[in-house]
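Everything on this sheet refers to the single structure shown next.
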Amino acid sequence: MAEIIVVTSGKGGVGKTTTSASIACGLARRGKRVAVIDFDIGLRNLDLIMGCERRVVYDFVNVIQGDCGLKQALIKDKRLDTLYVLAASQTRDKDALTSEGVRSVLDALAAEGFEYIVCDSPAGIEKGAHLAMYFADRAVVVVNPEVSSVRDSDRILGLLASKTLRAEQGNGGVKEHLLLTRYNPRRVATGEMMSVGDVKEILGLDVVGVVPESPDVLSASNAGVPVILNGESDASRAYEDAVARLLGEVVPLRFVDEPKSGFFARLFGG
Amino acid sequence: MGLLALFRKTPSSANVARERLRIIVAQERNARGNPDYLPLLRRELLEVIHKYVNVDPSAVQVNLEFEDGHEVLELSVALPESKRGR
């Protein structure tokens, strides 16, 4: 049985696609068979972050509408053998995505032997976001330590608890995880940014990862190489830890404390 | 935090953010699952009541409660100080 993980947030620009790409790569690097699907119909982006934009021939909506087979639309990753990407359609037709269509694609992926299906949700709470979460077993809620992102995430938590198949069936609901991105330990230390603890307490969620703000995230998207594959980077290590926690490993949080500064720097608040 | 920070009197902006979020998130969680018409119902009730009594907008509370398997629409209006009994 495939486990369906939705990466969602409500607010745009917080790092959903970056997170989807890195989690999918992290799982595949551990030998899992993974498919990652872009649900942002009309605004295809996951392919760019994964670096496979020039190999998109068929997309998610083509499969749903029967224009091609599932295998024709799945793009095999060039770095990891067990990883496949299903790109979003660029159609402007908002009704292209249907509940039955999404279900049939997810069922077909499970039948193909995929162990994890990562659904990259669009921002907002419209149809694409709704369908990305509807069939999920687990949700990774991506949050920036910033007021509008936290509030929007709480809205999403409300939807996960009511508008999903698991919630409707009443079998424990969707398992929710908090993943903080753009975390800046220095600004947390000076009281300019909410801490992991603050956000965790407000939303009442388990923390699956804290990704520090890092220039490597932009370089990674520039290059089309998911940041988790840049082993030198703190962001990469933080995503690797998050993947381990998703798989049930107990890993202490890293990159949440300010790097130690010298005596004079501390004295003068440097 | 540096020595200079000790002399700052104002609460940190992170603390302000946390307190604002605590309040709004609690409020929105309470309203979650309520029918969409509640805010409109509240506003219209307020207009009607206003024709007869000069009440404060915050004095009208409309809540949906669950009691013994029934949904109960609870309406509470706090009237201003009455002049009765004089």
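Residue numbering restarts at 1 in every chain; chains get A, B, ... in the order shown in the structure tokens, and ligands count up from 1 in that same order.
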
Which residues are near region 125-135 of chain A? Cut-off 6 Å, only C-alpha atoms, ignore same chain within fewer than 3 positions. Put them as a short mmCIF file (atom, residue, chain, number, x, y, z; two decimals) with all heavy atoms, in the first residue's frame.
data_model
loop_
_atom_site.label_atom_id
_atom_site.label_comp_id
_atom_site.auth_asym_id
_atom_site.auth_seq_id
_atom_site.Cartn_x
_atom_site.Cartn_y
_atom_site.Cartn_z
N VAL A 6 0.75 14.71 1.75
CA VAL A 6 0.53 16.01 1.12
C VAL A 6 1.44 17.04 1.78
O VAL A 6 1.64 17.04 2.99
CB VAL A 6 -0.96 16.44 1.21
CG1 VAL A 6 -1.43 16.58 2.65
CG2 VAL A 6 -1.18 17.76 0.47
N PHE A 39 0.32 19.42 -7.94
CA PHE A 39 -1.13 19.67 -8.00
C PHE A 39 -1.45 21.10 -8.38
O PHE A 39 -2.63 21.50 -8.39
CB PHE A 39 -1.78 19.36 -6.64
CG PHE A 39 -2.20 17.93 -6.47
CD1 PHE A 39 -1.25 16.95 -6.19
CD2 PHE A 39 -3.53 17.54 -6.58
CE1 PHE A 39 -1.63 15.62 -6.02
CE2 PHE A 39 -3.92 16.22 -6.42
CZ PHE A 39 -2.96 15.26 -6.14
N CYS A 119 2.33 14.64 -2.59
CA CYS A 119 1.46 15.56 -3.33
C CYS A 119 1.85 17.00 -2.99
O CYS A 119 1.68 17.44 -1.85
CB CYS A 119 0.00 15.32 -2.95
SG CYS A 119 -0.56 13.63 -3.27
N SER A 121 1.00 20.53 -2.92
CA SER A 121 -0.24 21.30 -3.00
C SER A 121 0.01 22.71 -3.52
O SER A 121 1.05 23.29 -3.24
CB SER A 121 -0.86 21.38 -1.60
OG SER A 121 -1.96 22.26 -1.59
N PRO A 122 -0.96 23.27 -4.25
CA PRO A 122 -0.87 24.70 -4.55
C PRO A 122 -1.20 25.52 -3.30
O PRO A 122 -1.74 24.98 -2.34
CB PRO A 122 -1.93 24.89 -5.63
CG PRO A 122 -2.89 23.78 -5.45
CD PRO A 122 -2.14 22.64 -4.85
N THR A 164 -11.14 15.83 4.41
CA THR A 164 -10.31 14.79 3.82
C THR A 164 -11.02 13.46 3.96
O THR A 164 -11.88 13.29 4.82
CB THR A 164 -8.94 14.70 4.53
OG1 THR A 164 -9.16 14.59 5.94
CG2 THR A 164 -8.08 15.93 4.26
N LEU A 165 -10.64 12.51 3.12
CA LEU A 165 -11.27 11.20 3.14
C LEU A 165 -11.11 10.55 4.52
O LEU A 165 -12.06 10.01 5.08
CB LEU A 165 -10.64 10.32 2.05
CG LEU A 165 -11.24 8.93 1.86
CD1 LEU A 165 -12.71 9.01 1.49
CD2 LEU A 165 -10.46 8.16 0.80
#

According to DSSP computed on the backbone, where in region 31-128 of chain A is there alpha helix (DSSP H)? Give the residues as a PyMOL selection string.
chain A and resi 46-50+60-64+70-73+99-111+127-128

Taking C-alpha atoms for each residue, export the selection above as a PDB file, in the first residue's frame.
ATOM      1  CA  LEU A  46       7.827  21.260  -9.437  1.00  0.00           C
ATOM      2  CA  ASP A  47       9.467  20.205 -12.727  1.00  0.00           C
ATOM      3  CA  LEU A  48      11.794  23.235 -12.536  1.00  0.00           C
ATOM      4  CA  ILE A  49      12.762  22.568  -8.940  1.00  0.00           C
ATOM      5  CA  MET A  50      13.381  18.894  -9.818  1.00  0.00           C
ATOM      6  CA  PHE A  60      -1.237  14.957 -14.592  1.00  0.00           C
ATOM      7  CA  VAL A  61      -4.351  16.211 -16.414  1.00  0.00           C
ATOM      8  CA  ASN A  62      -3.412  14.271 -19.589  1.00  0.00           C
ATOM      9  CA  VAL A  63      -3.423  11.093 -17.504  1.00  0.00           C
ATOM     10  CA  ILE A  64      -6.756  11.947 -15.869  1.00  0.00           C
ATOM     11  CA  LEU A  70       0.329   6.835 -16.526  1.00  0.00           C
ATOM     12  CA  LYS A  71       3.727   5.399 -17.446  1.00  0.00           C
ATOM     13  CA  GLN A  72       4.074   7.812 -20.357  1.00  0.00           C
ATOM     14  CA  ALA A  73       3.528  10.794 -18.076  1.00  0.00           C
ATOM     15  CA  SER A  99     -11.872  13.873  -7.441  1.00  0.00           C
ATOM     16  CA  GLU A 100     -12.446  10.624  -9.372  1.00  0.00           C
ATOM     17  CA  GLY A 101      -9.540  11.443 -11.680  1.00  0.00           C
ATOM     18  CA  VAL A 102      -7.146  12.062  -8.813  1.00  0.00           C
ATOM     19  CA  ARG A 103      -8.281   8.901  -7.065  1.00  0.00           C
ATOM     20  CA  SER A 104      -7.736   6.796 -10.185  1.00  0.00           C
ATOM     21  CA  VAL A 105      -4.193   8.148 -10.666  1.00  0.00           C
ATOM     22  CA  LEU A 106      -3.305   7.553  -7.002  1.00  0.00           C
ATOM     23  CA  ASP A 107      -4.723   4.015  -7.180  1.00  0.00           C
ATOM     24  CA  ALA A 108      -2.766   3.331 -10.367  1.00  0.00           C
ATOM     25  CA  LEU A 109       0.467   4.582  -8.751  1.00  0.00           C
ATOM     26  CA  ALA A 110      -0.112   2.310  -5.766  1.00  0.00           C
ATOM     27  CA  ALA A 111      -0.760  -0.600  -8.131  1.00  0.00           C
ATOM     28  CA  LYS A 127      -9.890  22.960  -5.588  1.00  0.00           C
ATOM     29  CA  GLY A 128      -6.235  22.052  -6.287  1.00  0.00           C
TER      30      GLY A 128
END

Find the residues near Asp56 (chain B): any atom within 9 Å, counting only C-alpha atoms, skip ones fewer than 2 places away on the same chain, and give them as a list in words.
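The filter keeps Leu46, His50, Asn54, Ser58, Ala59, Val60, Ala78, Leu79 and Pro80 of chain B.
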
What does the file look like for those residues with N, CA and C atoms, as a PDB file, in the first residue's frame?
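Produced file result-v4.pdb, reproduced below:
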ATOM      1  N   LEU B  46     -28.488  42.381  15.218  1.00  0.00           N
ATOM      2  CA  LEU B  46     -28.003  43.606  15.848  1.00  0.00           C
ATOM      3  C   LEU B  46     -28.769  44.818  15.308  1.00  0.00           C
ATOM      4  N   HIS B  50     -31.197  47.141  17.457  1.00  0.00           N
ATOM      5  CA  HIS B  50     -30.804  48.547  17.512  1.00  0.00           C
ATOM      6  C   HIS B  50     -31.980  49.497  17.299  1.00  0.00           C
ATOM      7  N   ASN B  54     -30.579  50.815  22.339  1.00  0.00           N
ATOM      8  CA  ASN B  54     -29.259  51.240  21.893  1.00  0.00           C
ATOM      9  C   ASN B  54     -28.180  50.341  22.515  1.00  0.00           C
ATOM     10  N   SER B  58     -20.862  44.701  20.574  1.00  0.00           N
ATOM     11  CA  SER B  58     -20.278  43.516  21.221  1.00  0.00           C
ATOM     12  C   SER B  58     -21.255  42.869  22.193  1.00  0.00           C
ATOM     13  N   ALA B  59     -22.425  43.517  22.406  1.00  0.00           N
ATOM     14  CA  ALA B  59     -23.364  42.978  23.390  1.00  0.00           C
ATOM     15  C   ALA B  59     -24.214  41.844  22.830  1.00  0.00           C
ATOM     16  N   VAL B  60     -24.139  41.629  21.504  1.00  0.00           N
ATOM     17  CA  VAL B  60     -24.929  40.548  20.903  1.00  0.00           C
ATOM     18  C   VAL B  60     -24.021  39.354  20.602  1.00  0.00           C
ATOM     19  N   ALA B  78     -26.822  41.568  25.871  1.00  0.00           N
ATOM     20  CA  ALA B  78     -26.655  42.299  27.128  1.00  0.00           C
ATOM     21  C   ALA B  78     -27.219  43.702  26.937  1.00  0.00           C
ATOM     22  N   LEU B  79     -28.342  43.980  27.630  1.00  0.00           N
ATOM     23  CA  LEU B  79     -28.964  45.299  27.478  1.00  0.00           C
ATOM     24  C   LEU B  79     -28.206  46.330  28.314  1.00  0.00           C
ATOM     25  N   PRO B  80     -28.271  47.585  27.876  1.00  0.00           N
ATOM     26  CA  PRO B  80     -27.578  48.611  28.665  1.00  0.00           C
ATOM     27  C   PRO B  80     -28.267  48.812  30.018  1.00  0.00           C
TER      28      PRO B  80
END

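Note that the spacing between CA of Lys94 (chain A) and CA of Gly42 (chain A) amounts to 8.1 Å.
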
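Note that the spacing between CA of Ile228 (chain A) and CA of Gly51 (chain A) amounts to 13.4 Å.
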
List every residue of region 60-177 of chain A that has an atom at most 8 Å from any atom of region 12-28 of chain B, giving for each one its closest atom pair and the distance in Å to one decimal, counting only C-alpha atoms, sorted by chain and then by ascending residue number, as CSV.
residue,atom,partner,partner_atom,distance
A:Glu146,CA,B:Ala17,CA,7.8
A:Val147,CA,B:Ala17,CA,6.3
A:Val150,CA,B:Leu21,CA,7.8
A:Arg151,CA,B:Val25,CA,6.6
A:Asp154,CA,B:Val25,CA,7.1

What does the file look like for those residues with N, CA, C and O atoms, as a PDB file, in the first residue's frame?
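Okay, this is what ended up in result.pdb:
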ATOM      1  N   GLU A 146       6.200  33.360  10.889  1.00  0.00           N
ATOM      2  CA  GLU A 146       5.716  34.696  10.528  1.00  0.00           C
ATOM      3  C   GLU A 146       4.205  34.644  10.649  1.00  0.00           C
ATOM      4  O   GLU A 146       3.596  33.606  10.354  1.00  0.00           O
ATOM      5  N   VAL A 147       3.564  35.744  11.069  1.00  0.00           N
ATOM      6  CA  VAL A 147       2.151  35.685  11.462  1.00  0.00           C
ATOM      7  C   VAL A 147       1.194  35.174  10.380  1.00  0.00           C
ATOM      8  O   VAL A 147       0.347  34.328  10.660  1.00  0.00           O
ATOM      9  N   VAL A 150       1.542  31.379   9.776  1.00  0.00           N
ATOM     10  CA  VAL A 150       1.050  30.561  10.894  1.00  0.00           C
ATOM     11  C   VAL A 150      -0.478  30.529  10.894  1.00  0.00           C
ATOM     12  O   VAL A 150      -1.100  29.469  11.023  1.00  0.00           O
ATOM     13  N   ARG A 151      -1.085  31.687  10.682  1.00  0.00           N
ATOM     14  CA  ARG A 151      -2.545  31.730  10.680  1.00  0.00           C
ATOM     15  C   ARG A 151      -3.127  30.891   9.538  1.00  0.00           C
ATOM     16  O   ARG A 151      -4.074  30.128   9.730  1.00  0.00           O
ATOM     17  N   ASP A 154      -3.080  27.273  10.206  1.00  0.00           N
ATOM     18  CA  ASP A 154      -4.127  26.819  11.114  1.00  0.00           C
ATOM     19  C   ASP A 154      -5.434  26.593  10.351  1.00  0.00           C
ATOM     20  O   ASP A 154      -6.193  25.678  10.661  1.00  0.00           O
TER      21      ASP A 154
END

May I have the residues within 10 Å of Leu160 (chain A) as a tab-separated table (two decimals) with all heavy atoms, in the first residue's frame, using only C-alpha atoms and disregarding those fewer than 3 positions away in the same chain?
chain	number	residue	atom	x	y	z
A	8	THR	N	1.62	20.90	2.25
A	8	THR	CA	0.64	21.96	2.13
A	8	THR	C	0.99	23.12	3.06
A	8	THR	O	1.89	23.01	3.89
A	8	THR	CB	-0.77	21.38	2.41
A	8	THR	OG1	-1.75	22.39	2.26
A	8	THR	CG2	-0.88	20.80	3.81
A	130	HIS	N	-7.50	21.44	-2.20
A	130	HIS	CA	-8.44	20.49	-1.61
A	130	HIS	C	-8.16	19.07	-2.09
A	130	HIS	O	-8.06	18.13	-1.28
A	130	HIS	CB	-9.87	20.91	-1.96
A	130	HIS	CG	-10.89	19.89	-1.67
A	130	HIS	ND1	-11.20	19.50	-0.38
A	130	HIS	CD2	-11.66	19.13	-2.50
A	130	HIS	CE1	-12.13	18.55	-0.44
A	130	HIS	NE2	-12.42	18.31	-1.71
A	133	MET	N	-4.95	17.36	-0.75
A	133	MET	CA	-4.99	16.82	0.62
A	133	MET	C	-6.03	15.74	0.81
A	133	MET	O	-5.95	14.96	1.75
A	133	MET	CB	-5.23	17.96	1.63
A	133	MET	CG	-6.63	18.53	1.61
A	133	MET	SD	-7.01	19.58	3.04
A	133	MET	CE	-5.93	20.97	2.77
A	134	TYR	N	-7.03	15.66	-0.10
A	134	TYR	CA	-8.21	14.85	0.16
A	134	TYR	C	-7.90	13.37	0.45
A	134	TYR	O	-8.47	12.77	1.35
A	134	TYR	CB	-9.22	14.97	-0.98
A	134	TYR	CG	-10.52	14.27	-0.64
A	134	TYR	CD1	-11.40	14.84	0.28
A	134	TYR	CD2	-10.83	13.03	-1.19
A	134	TYR	CE1	-12.56	14.19	0.63
A	134	TYR	CE2	-12.00	12.38	-0.83
A	134	TYR	CZ	-12.86	12.96	0.08
A	134	TYR	OH	-14.01	12.31	0.45
A	136	ALA	N	-4.94	12.12	1.37
A	136	ALA	CA	-3.68	11.97	2.09
A	136	ALA	C	-3.81	11.13	3.36
A	136	ALA	O	-4.85	11.11	4.02
A	136	ALA	CB	-3.13	13.35	2.45
A	138	ARG	N	-0.94	11.41	5.42
A	138	ARG	CA	-0.17	12.31	6.29
A	138	ARG	C	-0.05	13.65	5.61
A	138	ARG	O	-0.11	13.75	4.39
A	138	ARG	CB	1.23	11.75	6.52
A	138	ARG	CG	1.19	10.39	7.16
A	138	ARG	CD	2.53	9.73	7.00
A	138	ARG	NE	3.39	10.11	8.11
A	138	ARG	CZ	4.56	9.56	8.34
A	138	ARG	NH1	5.05	8.64	7.53
A	138	ARG	NH2	5.27	9.93	9.37
A	139	ALA	N	0.17	14.67	6.44
A	139	ALA	CA	0.34	16.02	5.89
A	139	ALA	C	1.59	16.64	6.49
A	139	ALA	O	1.80	16.58	7.70
A	139	ALA	CB	-0.87	16.87	6.22
A	154	ASP	N	-3.08	27.27	10.21
A	154	ASP	CA	-4.13	26.82	11.11
A	154	ASP	C	-5.43	26.59	10.35
A	154	ASP	O	-6.19	25.68	10.66
A	154	ASP	CB	-4.33	27.81	12.26
A	154	ASP	CG	-5.15	27.17	13.37
A	154	ASP	OD1	-4.67	26.17	13.94
A	154	ASP	OD2	-6.28	27.63	13.63
A	155	ARG	N	-5.68	27.43	9.35
A	155	ARG	CA	-6.84	27.23	8.47
A	155	ARG	C	-6.73	25.86	7.79
A	155	ARG	O	-7.69	25.10	7.71
A	155	ARG	CB	-6.76	28.27	7.39
A	155	ARG	CG	-7.78	29.38	7.15
A	155	ARG	CD	-9.01	29.45	7.90
A	155	ARG	NE	-10.20	28.91	7.21
A	155	ARG	CZ	-10.76	29.43	6.15
A	155	ARG	NH1	-10.30	30.52	5.62
A	155	ARG	NH2	-11.81	28.87	5.60
A	156	ILE	N	-5.53	25.58	7.28
A	156	ILE	CA	-5.29	24.31	6.60
A	156	ILE	C	-5.49	23.13	7.56
A	156	ILE	O	-6.06	22.10	7.18
A	156	ILE	CB	-3.85	24.30	6.00
A	156	ILE	CG1	-3.77	25.25	4.79
A	156	ILE	CG2	-3.40	22.89	5.61
A	156	ILE	CD1	-4.58	24.83	3.59
A	157	LEU	N	-5.06	23.29	8.80
A	157	LEU	CA	-5.26	22.22	9.78
A	157	LEU	C	-6.75	21.95	9.96
A	157	LEU	O	-7.17	20.79	10.10
A	157	LEU	CB	-4.62	22.58	11.12
A	157	LEU	CG	-3.10	22.65	11.14
A	157	LEU	CD1	-2.60	23.09	12.51
A	157	LEU	CD2	-2.50	21.30	10.77
A	163	LYS	N	-12.12	18.13	5.78
A	163	LYS	CA	-12.38	17.92	4.35
A	163	LYS	C	-11.43	16.91	3.71
A	163	LYS	O	-10.93	17.14	2.61
A	163	LYS	CB	-12.27	19.25	3.59
A	163	LYS	CG	-13.05	20.39	4.20
A	163	LYS	CD	-14.50	20.37	3.77
A	163	LYS	CE	-15.19	21.63	4.24
A	163	LYS	NZ	-16.59	21.45	4.56
A	164	THR	N	-11.14	15.83	4.41
A	164	THR	CA	-10.31	14.79	3.82
A	164	THR	C	-11.02	13.46	3.96
A	164	THR	O	-11.88	13.29	4.82
A	164	THR	CB	-8.94	14.70	4.53
A	164	THR	OG1	-9.16	14.59	5.94
A	164	THR	CG2	-8.08	15.93	4.26
A	165	LEU	N	-10.64	12.51	3.12
A	165	LEU	CA	-11.27	11.20	3.14
A	165	LEU	C	-11.11	10.55	4.52
A	165	LEU	O	-12.06	10.01	5.08
A	165	LEU	CB	-10.64	10.32	2.05
A	165	LEU	CG	-11.24	8.93	1.86
A	165	LEU	CD1	-12.71	9.01	1.49
A	165	LEU	CD2	-10.46	8.16	0.80
A	166	ARG	N	-9.89	10.64	5.06
A	166	ARG	CA	-9.65	10.04	6.37
A	166	ARG	C	-10.51	10.68	7.46
A	166	ARG	O	-10.96	9.99	8.38
A	166	ARG	CB	-8.17	10.16	6.74
A	166	ARG	CG	-7.35	9.04	6.14
A	166	ARG	CD	-5.91	9.11	6.61
A	166	ARG	NE	-5.26	7.86	6.32
A	166	ARG	CZ	-5.12	6.87	7.21
A	166	ARG	NH1	-5.57	7.02	8.44
A	166	ARG	NH2	-4.53	5.76	6.87
A	167	ALA	N	-10.71	11.99	7.37
A	167	ALA	CA	-11.55	12.66	8.37
A	167	ALA	C	-13.00	12.21	8.19
A	167	ALA	O	-13.69	11.93	9.18
A	167	ALA	CB	-11.44	14.17	8.22
A	173	GLY	N	-8.16	10.21	11.09
A	173	GLY	CA	-7.82	11.43	10.37
A	173	GLY	C	-6.43	11.39	9.76
A	173	GLY	O	-5.75	10.37	9.78
A	174	VAL	N	-6.02	12.53	9.22
A	174	VAL	CA	-4.72	12.66	8.58
A	174	VAL	C	-3.68	12.98	9.66
A	174	VAL	O	-3.91	13.82	10.51
A	174	VAL	CB	-4.75	13.80	7.54
A	174	VAL	CG1	-3.38	14.00	6.91
A	174	VAL	CG2	-5.81	13.53	6.49
A	175	LYS	N	-2.55	12.27	9.63
A	175	LYS	CA	-1.49	12.56	10.60
A	175	LYS	C	-0.76	13.83	10.15
A	175	LYS	O	-0.27	13.90	9.03
A	175	LYS	CB	-0.53	11.36	10.64
A	175	LYS	CG	0.72	11.59	11.47
A	175	LYS	CD	0.57	11.03	12.87
A	175	LYS	CE	1.80	11.30	13.73
A	175	LYS	NZ	1.79	12.65	14.35
A	176	GLU	N	-0.70	14.82	11.04
A	176	GLU	CA	-0.15	16.13	10.65
A	176	GLU	C	1.23	16.37	11.26
A	176	GLU	O	1.47	16.03	12.41
A	176	GLU	CB	-1.09	17.24	11.14
A	176	GLU	CG	-2.49	17.14	10.57
A	176	GLU	CD	-3.55	17.70	11.51
A	176	GLU	OE1	-3.25	17.89	12.72
A	176	GLU	OE2	-4.68	17.93	11.05

DSSP says strand (DSSP E) for which residues of region 103-134 of chain A? Put them as an MDAnalysis selection string?
chainID A and resid 116:120

Hey, what's within 10 Å of Leu179 (chain A) if we count only C-alpha atoms and toss same-chain stuff fewer than 5 positions away? As number ranges by chain, please?
A: 7, 9, 15-16, 19, 139-144, 196, 200, 205-211, 239, 242

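Atom pair CA of Gly13 (chain A) / CA of Phe114 (chain A): separated by 28.4 Å.
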
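For the residues B:Thr10, B:Lys51, B:Tyr37, B:Arg32, ranking by smallest atom-to-atom distance to chain A using only C-alpha atoms places B:Arg32 first.
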